[in-house]
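Visitor: File work23.txt below, compact mmCIF, C-alpha atoms:
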# COMPACT_ATOMS: atom_id res chain seq x y z
CA MET D 1 20.21 -10.15 23.30
CA LYS D 2 20.74 -13.87 22.80
CA ASN D 3 18.82 -15.59 20.07
CA ASP D 4 19.84 -18.95 18.67
CA ASN D 5 17.97 -18.26 15.41
CA LEU D 6 20.16 -15.29 14.51
CA VAL D 7 23.65 -15.71 13.11
CA THR D 8 25.63 -12.50 13.45
CA GLU D 9 29.01 -11.48 12.08
CA THR D 10 30.69 -8.14 12.60
CA SER D 11 33.74 -6.59 10.99
CA SER D 12 35.65 -3.36 11.33
CA ASP D 13 37.84 -1.73 8.75
CA GLY D 14 39.66 0.49 11.22
CA GLY D 15 42.59 1.02 8.90
CA SER D 16 40.58 2.78 6.24
CA ALA D 17 40.02 6.49 6.07
CA GLU D 18 36.32 5.99 6.59
CA GLY D 19 36.63 3.52 9.46
CA ALA D 20 33.66 1.55 8.18
CA LYS D 21 32.07 -1.07 10.40
CA ALA D 22 29.79 -3.81 9.16
CA ILE D 23 27.44 -6.40 10.52
CA THR D 24 25.70 -9.31 8.84
CA VAL D 25 22.73 -11.12 10.37
CA THR D 26 21.23 -14.26 8.88
CA PHE D 27 17.90 -15.58 10.13
CA PRO D 28 15.05 -17.85 9.05
CA PRO D 29 12.06 -15.99 7.57
CA PHE D 30 9.89 -15.55 10.65
CA LEU D 31 8.32 -12.18 11.48
CA LYS D 32 9.03 -12.69 15.17
CA LEU D 33 12.77 -12.55 14.42
CA VAL D 34 12.63 -9.13 12.78
CA PRO D 35 12.39 -7.03 16.00
CA PRO D 36 15.73 -8.21 17.42
CA VAL D 37 17.36 -7.64 14.01
CA ARG D 38 16.03 -4.08 13.72
CA GLN D 39 17.01 -3.32 17.33
CA LEU D 40 20.50 -4.66 16.65
CA ALA D 41 20.77 -2.38 13.61
CA SER D 42 19.74 0.60 15.73
CA ARG D 43 22.33 -0.18 18.41
CA PHE D 44 24.97 -0.71 15.74
CA ALA D 45 24.21 2.73 14.29
CA ARG D 46 24.44 4.30 17.75
CA LEU D 47 27.82 2.59 18.27
CA GLY D 48 28.88 4.11 14.96
CA GLY D 49 28.19 7.57 16.34
CA TYR D 50 24.76 8.14 14.78
CA SER D 51 22.16 10.23 16.64
CA THR D 52 19.15 8.62 18.29
CA LYS D 53 16.96 10.08 15.54
CA ASP D 54 19.11 8.62 12.76
CA ALA D 55 19.30 5.32 14.63
CA PHE D 56 15.50 5.26 14.88
CA ARG D 57 15.19 5.91 11.15
CA ILE D 58 17.68 3.12 10.42
CA GLU D 59 15.74 0.82 12.76
CA THR D 60 12.57 1.63 10.83
CA ILE D 61 14.21 1.01 7.45
CA VAL D 62 15.63 -2.35 8.56
CA ASP D 63 12.29 -3.33 10.08
CA GLU D 64 10.31 -2.52 6.94
CA VAL D 65 12.78 -4.15 4.54
CA CYS D 66 13.08 -7.30 6.65
CA ASN D 67 9.30 -7.57 7.10
CA ASN D 68 8.91 -7.40 3.32
CA ALA D 69 11.68 -9.96 2.84
CA VAL D 70 9.85 -12.35 5.17
CA ASP D 71 6.39 -11.65 3.72
CA HIS D 72 7.38 -11.94 0.07
CA GLY D 73 10.05 -14.64 0.20
CA GLN D 74 10.19 -18.35 0.71
CA SER D 75 8.81 -19.53 4.01
CA GLY D 76 10.11 -22.32 6.18
CA VAL D 77 13.01 -22.91 8.50
CA GLU D 78 15.24 -24.04 5.62
CA SER D 79 15.08 -20.60 4.00
CA LYS D 80 16.95 -17.57 5.17
CA VAL D 81 17.02 -13.81 5.10
CA GLU D 82 20.32 -11.96 5.24
CA MET D 83 20.67 -8.39 6.48
CA HIS D 84 24.01 -6.67 5.91
CA MET D 85 24.66 -3.20 7.24
CA ALA D 86 27.78 -1.09 6.93
CA VAL D 87 28.14 2.28 8.61
CA ASP D 88 30.79 4.92 8.27
CA ARG D 89 30.91 8.60 9.17
CA GLU D 90 28.74 9.64 6.25
CA LYS D 91 26.18 6.94 5.59
CA ALA D 92 24.62 3.64 6.45
CA ASP D 93 24.33 1.04 3.68
CA ILE D 94 21.74 -1.64 4.31
CA SER D 95 21.20 -4.70 2.14
CA VAL D 96 18.55 -7.35 2.73
CA THR D 97 18.29 -10.48 0.59
CA ASN D 98 15.74 -13.25 0.74
CA GLN D 99 15.10 -16.40 -1.27
CA SER D 100 12.30 -15.92 -3.76
CA ASP D 101 9.05 -17.77 -3.64
CA PRO D 102 8.17 -18.16 -7.36
CA LYS D 103 4.47 -17.79 -6.52
CA LYS D 104 5.06 -14.36 -4.99
CA VAL D 105 7.47 -12.85 -7.52
CA ALA D 106 4.78 -11.38 -9.80
CA VAL D 107 2.97 -9.73 -6.88
CA LEU D 108 6.23 -8.34 -5.58
CA LYS D 109 7.14 -6.86 -8.96
CA GLU D 110 3.75 -5.17 -9.10
CA LEU D 111 4.22 -3.74 -5.60
CA VAL D 112 7.65 -2.38 -6.43
CA GLY D 113 6.31 -0.93 -9.66
CA ARG D 114 3.82 1.09 -7.65
CA ILE D 115 6.53 2.85 -5.62
CA GLY D 116 6.44 6.49 -6.49
CA GLN D 117 2.83 6.53 -7.47
CA ALA D 118 0.27 8.46 -5.41
CA ASN D 119 1.47 9.14 -1.87
CA HIS D 120 -2.06 9.41 -0.57
CA VAL D 121 -2.64 7.28 2.49
CA GLY D 122 -6.16 5.93 2.70
CA ASN D 123 -7.92 5.78 6.03
CA ASP D 124 -8.62 2.09 5.86
CA ASP D 125 -5.61 0.57 4.14
CA ARG D 126 -3.89 -1.46 6.83
CA ARG D 127 -0.91 -2.60 4.76
CA GLY D 128 1.25 -1.42 1.91
CA ARG D 129 3.05 1.61 3.28
CA GLY D 130 6.36 -0.07 4.05
CA LEU D 131 8.09 0.54 0.73
CA ALA D 132 6.91 4.15 0.59
CA LEU D 133 8.20 4.70 4.12
CA ILE D 134 11.59 3.21 3.27
CA ARG D 135 11.83 5.45 0.24
CA MET D 136 11.02 8.56 2.25
CA LEU D 137 13.44 7.76 5.07
CA SER D 138 16.34 6.84 2.84
CA SER D 139 18.61 8.63 0.40
CA ASN D 140 18.53 5.86 -2.16
CA MET D 141 16.78 2.53 -2.61
CA ASP D 142 17.35 -0.17 -5.21
CA VAL D 143 15.31 -3.34 -5.57
CA ASN D 144 16.54 -6.28 -7.61
CA ILE D 145 14.01 -9.07 -8.07
CA THR D 146 15.01 -12.38 -9.60
CA ASP D 147 13.53 -15.85 -9.56
CA HIS D 148 16.18 -16.84 -7.02
CA GLY D 149 15.96 -14.00 -4.56
CA THR D 150 15.14 -10.38 -3.98
CA SER D 151 17.76 -7.89 -2.84
CA VAL D 152 16.93 -4.48 -1.47
CA HIS D 153 19.77 -2.01 -1.01
CA VAL D 154 19.13 1.18 0.92
CA THR D 155 21.52 4.04 1.57
CA LYS D 156 20.76 6.37 4.44
CA LEU D 157 22.92 9.47 4.68
CA ARG D 158 23.90 10.53 8.17
CA GLU D 159 21.99 13.60 9.27
CA GLY D 160 22.83 14.08 12.92
CA MET E 1 8.98 -13.97 20.89
CA GLU E 2 6.51 -11.24 19.92
CA THR E 3 7.63 -7.71 20.60
CA GLN E 4 6.53 -6.57 24.01
CA ILE E 5 3.46 -4.39 24.14
CA GLN E 6 1.26 -3.73 27.14
CA ILE E 7 -2.18 -2.19 26.94
CA THR E 8 -4.00 -0.98 30.03
CA CYS E 9 -7.35 0.73 30.31
CA GLU E 10 -8.49 3.46 32.68
CA GLU E 11 -11.95 4.87 33.21
CA ILE E 12 -12.65 8.56 32.67
CA PRO E 13 -14.97 9.93 35.38
CA GLY E 14 -18.31 10.97 33.95
CA LYS E 15 -17.68 9.40 30.54
CA ALA E 16 -19.36 6.02 30.46
CA ASN E 17 -18.35 5.09 26.92
CA ALA E 18 -14.83 6.55 27.05
CA ARG E 19 -11.48 5.22 28.31
CA ILE E 20 -7.85 6.19 28.43
CA VAL E 21 -5.92 3.29 26.92
CA ARG E 22 -2.21 3.34 27.72
CA PHE E 23 0.24 1.63 25.37
CA THR E 24 3.72 0.56 26.49
CA GLY E 25 6.40 -0.88 24.20
CA ASP E 26 6.66 -1.33 20.42
CA LEU E 27 3.75 -1.68 17.98
CA ASP E 28 4.77 -3.77 14.99
CA ALA E 29 3.84 -6.73 12.80
CA THR E 30 4.38 -9.20 15.65
CA ASN E 31 1.68 -7.78 17.91
CA VAL E 32 -0.88 -6.03 15.70
CA ASP E 33 -3.27 -8.97 16.07
CA PHE E 34 -3.11 -8.82 19.87
CA THR E 35 -3.53 -5.04 19.81
CA THR E 36 -6.47 -5.27 17.41
CA GLU E 37 -8.19 -7.83 19.64
CA GLN E 38 -7.75 -5.58 22.67
CA ILE E 39 -9.10 -2.44 21.04
CA PHE E 40 -12.01 -4.20 19.36
CA SER E 41 -12.93 -5.83 22.67
CA TYR E 42 -13.36 -2.29 24.03
CA PHE E 43 -15.50 -1.36 21.02
CA GLY E 44 -17.53 -4.53 21.63
CA ASP E 45 -18.14 -3.44 25.21
CA GLY E 46 -19.55 -0.12 23.99
CA ILE E 47 -16.39 1.86 24.69
CA ILE E 48 -16.28 3.84 21.48
CA ARG E 49 -14.38 6.93 22.64
CA ILE E 50 -10.74 6.06 23.24
CA ILE E 51 -7.82 8.29 24.16
CA ALA E 52 -4.69 6.32 23.32
CA ASP E 53 -1.82 7.44 25.55
CA PHE E 54 1.46 6.76 23.71
CA LYS E 55 3.76 8.24 26.38
CA GLN E 56 5.45 4.85 26.85
CA MET E 57 5.15 3.78 23.20
CA ARG E 58 8.70 3.64 21.86
CA TYR E 59 8.18 2.47 18.28
CA VAL E 60 5.47 2.14 15.61
CA ASN E 61 6.12 0.72 12.13
CA SER E 62 3.99 0.91 8.99
CA THR E 63 1.91 -2.12 10.01
CA GLY E 64 1.21 -0.54 13.40
CA LEU E 65 0.33 2.72 11.71
CA GLY E 66 -2.12 0.84 9.51
CA ILE E 67 -4.09 -0.49 12.47
CA LEU E 68 -4.12 2.94 14.14
CA LEU E 69 -5.86 4.25 11.03
CA HIS E 70 -8.18 1.26 11.17
CA PHE E 71 -9.06 1.99 14.82
CA ASN E 72 -9.69 5.63 13.95
CA LYS E 73 -12.02 4.70 11.11
CA SER E 74 -13.84 2.00 13.07
CA ALA E 75 -14.40 4.26 16.08
CA LYS E 76 -15.84 7.00 13.88
CA GLU E 77 -18.14 4.53 12.13
CA LYS E 78 -19.52 3.65 15.57
CA GLY E 79 -20.05 7.31 16.42
CA GLY E 80 -16.99 7.50 18.61
CA CYS E 81 -13.36 8.55 18.32
CA PHE E 82 -9.79 7.29 18.63
CA LYS E 83 -7.55 10.11 19.84
CA ILE E 84 -3.78 9.79 20.24
CA VAL E 85 -1.79 11.75 22.80
CA ASN E 86 1.85 11.98 23.95
CA LEU E 87 3.50 10.72 20.76
CA ASN E 88 7.29 10.75 20.89
CA GLU E 89 8.95 12.78 18.16
CA ASN E 90 10.38 9.77 16.32
CA VAL E 91 7.01 8.05 16.03
CA TYR E 92 5.34 11.33 15.08
CA GLU E 93 7.87 11.75 12.28
CA ILE E 94 6.95 8.34 10.86
CA ILE E 95 3.24 9.21 10.99
CA GLU E 96 3.87 12.59 9.40
CA ILE E 97 6.08 11.51 6.53
CA ILE E 98 3.71 8.71 5.56
CA GLY E 99 0.98 11.33 5.29
CA ALA E 100 -1.21 10.03 8.11
CA ALA E 101 -0.95 12.90 10.59
CA SER E 102 -3.96 14.65 9.09
CA LEU E 103 -6.00 11.44 9.20
CA LEU E 104 -5.52 10.79 12.90
CA ASP E 105 -6.74 12.81 15.90
CA ILE E 106 -3.42 13.69 17.53
CA TYR E 107 -3.06 15.83 20.67
CA GLU E 108 0.08 16.99 22.44
CA GLU E 109 -1.39 17.00 25.94
CA MET E 110 -3.75 14.65 27.72
CA SER E 111 -5.70 17.64 29.03
CA GLU E 112 -6.45 18.74 25.45
CA ALA E 113 -7.63 15.28 24.47
CA LEU E 114 -9.85 15.02 27.54
CA ALA E 115 -11.31 18.47 26.93
CA SER E 116 -12.15 17.48 23.35
CA LEU E 117 -14.47 14.77 24.70
CA GLU E 118 -16.77 17.39 26.22
Starting from the file, lay out its structure as structure tokens.
Guide:
Amino acid sequence: MKNDNLVTETSSDGGSAEGAKAITVTFPPFLKLVPPVRQLASRFARLGGYSTKDAFRIETIVDEVCNNAVDHGQSGVESKVEMHMAVDREKADISVTNQSDPKKVAVLKELVGRIGQANHVGNDDRRGRGLALIRMLSSNMDVNITDHGTSVHVTKLREG
Amino acid sequence: METQIQITCEEIPGKANARIVRFTGDLDATNVDFTTEQIFSYFGDGIIRIIADFKQMRYVNSTGLGILLHFNKSAKEKGGCFKIVNLNENVYEIIEIIGAASLLDIYEEMSEALASLE
């Protein structure tokens, strides 16, 4: 997968007991760049020994978090979204950070505030399930919203 | 660089307003507009009973799930249906945990979905 818009760095801490491996991808905030990022995360999880089911869940988490980062952050080629993922034998830690758009911060805070409220899915709501899906697929999720940027950190325990 | 998705349509003998629509690839935020145009063009042609074959559908995210619910609702409003068959287990899990499994017409086998059109 070659894409000039994605900047990728990988690292391996083979000397540690956990043998953690990490990857960082930086890309401009365009929705069309999210699929290769999520697919890279899935392959990285598989390389780390995760099952296809866990890798699919991780792909979904990365997809949803990155889509939100693009939708709710600054737009334009000068901005960037950074996805960092570290996997070891027990868990995958995923962090996604964007650059805040001041006009969108209030809406984003409201959306995050609604996490955990009614799980009912309406028949005609086309958007708005991403955060709930991330929460249900992950073991832990933290969202930190500032005027400079929003960081979402998700931990997904290995299941298979 | 939208995610690849292919949508093909196949007639069902004896069912003038019904089609099997086969999806191949990933359904996500990059191709929901294309997918919506395709399905609503069928609705516009009077094809209001659709069996969506997801045998070759690898991935659906929350945005894709949203338009599946939209297709289901729109088809019913027109007196038709939007049935889904051959979901892979990973996609089914996403639909189930988001609470949408009971809102969609999901069948394991194509034969069951076809029989339900009778």
Visitor: Using 5 Å of padding on each side, determine the axis-aligned box around all atoms of range 24-35 of chain D present in the file and give its centre and edge lengths in Å to one decimal, as lines of an AutoDock Vina configuration file.
Guide:
center_x = 17.0
center_y = -12.4
center_z = 11.8
size_x = 27.4
size_y = 20.8
size_z = 18.4
Visitor: Using only C-alpha atoms, pick whichever of E:Ile50, E:Ile7, E:Ile12, E:Ile106 has the shortest atom-to-atom distance to Glu37 in chain E.
Guide: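 Using only C-alpha atoms, Glu37 in chain E sits closest to E:Ile7.
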Visitor: Find the residue from D:Thr146, D:Ser12, D:Leu137, D:Gly76 that sits nearest to Phe56 in chain D; use all atoms listed in the file when measuring.
Guide: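 When distances to Phe56 in chain D are compared using all atoms listed in the file, the smallest one comes from D:Leu137.
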Visitor: Which of these residues is nearest to Arg58 in chain E, using only C-alpha atoms: D:Gln39, D:Thr97, D:Thr26, D:Gly149?
Guide: D:Gln39
Visitor: Measure the distance from CA of His148 in chain D to CA of Val65 in chain D in Å and round it to one decimal.
Guide: 17.5 Å
Visitor: Taking only C-alpha atoms into account, which of D:Val62, D:Val107, D:Met136, D:Val25 comes nearest Asp93 in chain D?
Guide: D:Val62
Visitor: Quick one: which chain E residues come within 12 Å of chain D, and what is the nearest atom pair for each with the distance in Å to one decimal, counting all atoms listed in the file, rows ordered by chain and ascending number, as a Markdown table?
Guide:
| residue | atom | partner | partner_atom | distance |
| --- | --- | --- | --- | --- |
| E:Met1 | CA | D:Lys32 | CA | 5.9 |
| E:Glu2 | CA | D:Lys32 | CA | 5.6 |
| E:Thr3 | CA | D:Pro35 | CA | 6.7 |
| E:Gln4 | CA | D:Pro35 | CA | 9.9 |
| E:Gly25 | CA | D:Pro35 | CA | 11.9 |
| E:Asp26 | CA | D:Pro35 | CA | 9.2 |
| E:Leu27 | CA | D:Pro35 | CA | 10.4 |
| E:Asp28 | CA | D:Pro35 | CA | 8.3 |
| E:Ala29 | CA | D:Leu31 | CA | 7.2 |
| E:Thr30 | CA | D:Lys32 | CA | 5.8 |
| E:Asn31 | CA | D:Lys32 | CA | 9.3 |
| E:Val32 | CA | D:Arg126 | CA | 10.4 |
| E:Asp33 | CA | D:Arg126 | CA | 11.9 |
| E:Thr36 | CA | D:Arg126 | CA | 11.5 |
| E:Arg58 | CA | D:Phe56 | CA | 9.9 |
| E:Tyr59 | CA | D:Phe56 | CA | 8.5 |
| E:Val60 | CA | D:Thr60 | CA | 8.6 |
| E:Asn61 | CA | D:Thr60 | CA | 6.6 |
| E:Ser62 | CA | D:Gly130 | CA | 5.6 |
| E:Thr63 | CA | D:Arg127 | CA | 6.0 |
| E:Gly64 | CA | D:Arg126 | CA | 8.4 |
| E:Leu65 | CA | D:Arg126 | CA | 7.7 |
| E:Gly66 | CA | D:Arg126 | CA | 4.0 |
| E:Ile67 | CA | D:Arg126 | CA | 5.7 |
| E:Leu68 | CA | D:Arg126 | CA | 8.5 |
| E:Leu69 | CA | D:Asn123 | CA | 5.6 |
| E:His70 | CA | D:Asp124 | CA | 5.4 |
| E:Phe71 | CA | D:Asp124 | CA | 9.0 |
| E:Asn72 | CA | D:Asn123 | CA | 8.1 |
| E:Lys73 | CA | D:Asn123 | CA | 6.6 |
| E:Ser74 | CA | D:Asp124 | CA | 8.9 |
| E:Ala75 | CA | D:Asp124 | CA | 11.9 |
| E:Lys76 | CA | D:Asn123 | CA | 11.2 |
| E:Glu77 | CA | D:Asp124 | CA | 11.7 |
| E:Asn88 | CA | D:Lys53 | CA | 11.1 |
| E:Glu89 | CA | D:Lys53 | CA | 8.8 |
| E:Asn90 | CA | D:Lys53 | CA | 6.6 |
| E:Val91 | CA | D:Phe56 | CA | 9.0 |
| E:Tyr92 | CA | D:Lys53 | CA | 11.7 |
| E:Glu93 | CA | D:Arg57 | CA | 9.4 |
| E:Ile94 | CA | D:Leu133 | CA | 7.8 |
| E:Ile95 | CA | D:Leu133 | CA | 9.6 |
| E:Glu96 | CA | D:Leu133 | CA | 10.4 |
| E:Ile97 | CA | D:Met136 | CA | 7.2 |
| E:Ile98 | CA | D:Leu133 | CA | 6.2 |
| E:Gly99 | CA | D:Val121 | CA | 6.1 |
| E:Ala100 | CA | D:Val121 | CA | 6.4 |
| E:Ala101 | CA | D:Val121 | CA | 10.0 |
| E:Ser102 | CA | D:Val121 | CA | 10.0 |
| E:Leu103 | CA | D:Asn123 | CA | 6.8 |
| E:Leu104 | CA | D:Asn123 | CA | 8.8 |
Visitor: With C-alpha atoms retained, export the selected residues as a PDB file, in the frame of the given file.
Guide:
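Dumped to again04.pdb:
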ATOM      1  CA  MET E   1       8.980 -13.970  20.890  1.00  0.00           C
ATOM      2  CA  GLU E   2       6.510 -11.240  19.920  1.00  0.00           C
ATOM      3  CA  THR E   3       7.630  -7.710  20.600  1.00  0.00           C
ATOM      4  CA  GLN E   4       6.530  -6.570  24.010  1.00  0.00           C
ATOM      5  CA  GLY E  25       6.400  -0.880  24.200  1.00  0.00           C
ATOM      6  CA  ASP E  26       6.660  -1.330  20.420  1.00  0.00           C
ATOM      7  CA  LEU E  27       3.750  -1.680  17.980  1.00  0.00           C
ATOM      8  CA  ASP E  28       4.770  -3.770  14.990  1.00  0.00           C
ATOM      9  CA  ALA E  29       3.840  -6.730  12.800  1.00  0.00           C
ATOM     10  CA  THR E  30       4.380  -9.200  15.650  1.00  0.00           C
ATOM     11  CA  ASN E  31       1.680  -7.780  17.910  1.00  0.00           C
ATOM     12  CA  VAL E  32      -0.880  -6.030  15.700  1.00  0.00           C
ATOM     13  CA  ASP E  33      -3.270  -8.970  16.070  1.00  0.00           C
ATOM     14  CA  THR E  36      -6.470  -5.270  17.410  1.00  0.00           C
ATOM     15  CA  ARG E  58       8.700   3.640  21.860  1.00  0.00           C
ATOM     16  CA  TYR E  59       8.180   2.470  18.280  1.00  0.00           C
ATOM     17  CA  VAL E  60       5.470   2.140  15.610  1.00  0.00           C
ATOM     18  CA  ASN E  61       6.120   0.720  12.130  1.00  0.00           C
ATOM     19  CA  SER E  62       3.990   0.910   8.990  1.00  0.00           C
ATOM     20  CA  THR E  63       1.910  -2.120  10.010  1.00  0.00           C
ATOM     21  CA  GLY E  64       1.210  -0.540  13.400  1.00  0.00           C
ATOM     22  CA  LEU E  65       0.330   2.720  11.710  1.00  0.00           C
ATOM     23  CA  GLY E  66      -2.120   0.840   9.510  1.00  0.00           C
ATOM     24  CA  ILE E  67      -4.090  -0.490  12.470  1.00  0.00           C
ATOM     25  CA  LEU E  68      -4.120   2.940  14.140  1.00  0.00           C
ATOM     26  CA  LEU E  69      -5.860   4.250  11.030  1.00  0.00           C
ATOM     27  CA  HIS E  70      -8.180   1.260  11.170  1.00  0.00           C
ATOM     28  CA  PHE E  71      -9.060   1.990  14.820  1.00  0.00           C
ATOM     29  CA  ASN E  72      -9.690   5.630  13.950  1.00  0.00           C
ATOM     30  CA  LYS E  73     -12.020   4.700  11.110  1.00  0.00           C
ATOM     31  CA  SER E  74     -13.840   2.000  13.070  1.00  0.00           C
ATOM     32  CA  ALA E  75     -14.400   4.260  16.080  1.00  0.00           C
ATOM     33  CA  LYS E  76     -15.840   7.000  13.880  1.00  0.00           C
ATOM     34  CA  GLU E  77     -18.140   4.530  12.130  1.00  0.00           C
ATOM     35  CA  ASN E  88       7.290  10.750  20.890  1.00  0.00           C
ATOM     36  CA  GLU E  89       8.950  12.780  18.160  1.00  0.00           C
ATOM     37  CA  ASN E  90      10.380   9.770  16.320  1.00  0.00           C
ATOM     38  CA  VAL E  91       7.010   8.050  16.030  1.00  0.00           C
ATOM     39  CA  TYR E  92       5.340  11.330  15.080  1.00  0.00           C
ATOM     40  CA  GLU E  93       7.870  11.750  12.280  1.00  0.00           C
ATOM     41  CA  ILE E  94       6.950   8.340  10.860  1.00  0.00           C
ATOM     42  CA  ILE E  95       3.240   9.210  10.990  1.00  0.00           C
ATOM     43  CA  GLU E  96       3.870  12.590   9.400  1.00  0.00           C
ATOM     44  CA  ILE E  97       6.080  11.510   6.530  1.00  0.00           C
ATOM     45  CA  ILE E  98       3.710   8.710   5.560  1.00  0.00           C
ATOM     46  CA  GLY E  99       0.980  11.330   5.290  1.00  0.00           C
ATOM     47  CA  ALA E 100      -1.210  10.030   8.110  1.00  0.00           C
ATOM     48  CA  ALA E 101      -0.950  12.900  10.590  1.00  0.00           C
ATOM     49  CA  SER E 102      -3.960  14.650   9.090  1.00  0.00           C
ATOM     50  CA  LEU E 103      -6.000  11.440   9.200  1.00  0.00           C
ATOM     51  CA  LEU E 104      -5.520  10.790  12.900  1.00  0.00           C
TER      52      LEU E 104
END
Visitor: Quick one: pull the distance between CA of Met85 in chain D and CA of Ala20 in chain D, Å, one decimal.
Guide: 10.2 Å
Visitor: For CA of Val105 in chain D and CA of Asp147 in chain D, determine how far apart the two atoms are, in Å to one decimal place.
Guide: 7.1 Å
Visitor: Determine, counting only C-alpha atoms, every residue of protein, DNA or RNA that lies within 12 Å of (-4.5, 3.7, 28.4) in the file coordinates, then give the result as a ChimeraX atom specification.
Guide: /E:6-12,18-24,38-39,42,49-57,82-86,110
Visitor: Store the residues picked out above, limited to C-alpha atoms, as a CSV table (one decimal), in the frame of the given file.
Guide:
chain,number,residue,atom,x,y,z
E,6,GLN,CA,1.3,-3.7,27.1
E,7,ILE,CA,-2.2,-2.2,26.9
E,8,THR,CA,-4.0,-1.0,30.0
E,9,CYS,CA,-7.4,0.7,30.3
E,10,GLU,CA,-8.5,3.5,32.7
E,11,GLU,CA,-12.0,4.9,33.2
E,12,ILE,CA,-12.6,8.6,32.7
E,18,ALA,CA,-14.8,6.6,27.0
E,19,ARG,CA,-11.5,5.2,28.3
E,20,ILE,CA,-7.8,6.2,28.4
E,21,VAL,CA,-5.9,3.3,26.9
E,22,ARG,CA,-2.2,3.3,27.7
E,23,PHE,CA,0.2,1.6,25.4
E,24,THR,CA,3.7,0.6,26.5
E,38,GLN,CA,-7.8,-5.6,22.7
E,39,ILE,CA,-9.1,-2.4,21.0
E,42,TYR,CA,-13.4,-2.3,24.0
E,49,ARG,CA,-14.4,6.9,22.6
E,50,ILE,CA,-10.7,6.1,23.2
E,51,ILE,CA,-7.8,8.3,24.2
E,52,ALA,CA,-4.7,6.3,23.3
E,53,ASP,CA,-1.8,7.4,25.6
E,54,PHE,CA,1.5,6.8,23.7
E,55,LYS,CA,3.8,8.2,26.4
E,56,GLN,CA,5.4,4.8,26.8
E,57,MET,CA,5.2,3.8,23.2
E,82,PHE,CA,-9.8,7.3,18.6
E,83,LYS,CA,-7.6,10.1,19.8
E,84,ILE,CA,-3.8,9.8,20.2
E,85,VAL,CA,-1.8,11.8,22.8
E,86,ASN,CA,1.8,12.0,24.0
E,110,MET,CA,-3.8,14.6,27.7
Visitor: Which is closer to Asn98 in chain D than all the others in D:Thr150, D:Ser138, D:Ser75, D:Thr10, using only C-alpha atoms?
Guide: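 Among the listed residues, D:Thr150 lies closest to Asn98 in chain D.
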Visitor: For Ala106 in chain D, which residue among D:Ile145, D:Val70, D:Ala92, D:Ala45 is the nearest when counting only C-alpha atoms?
Guide: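 Of the candidates, the smallest distance to Ala106 in chain D is held by D:Ile145.
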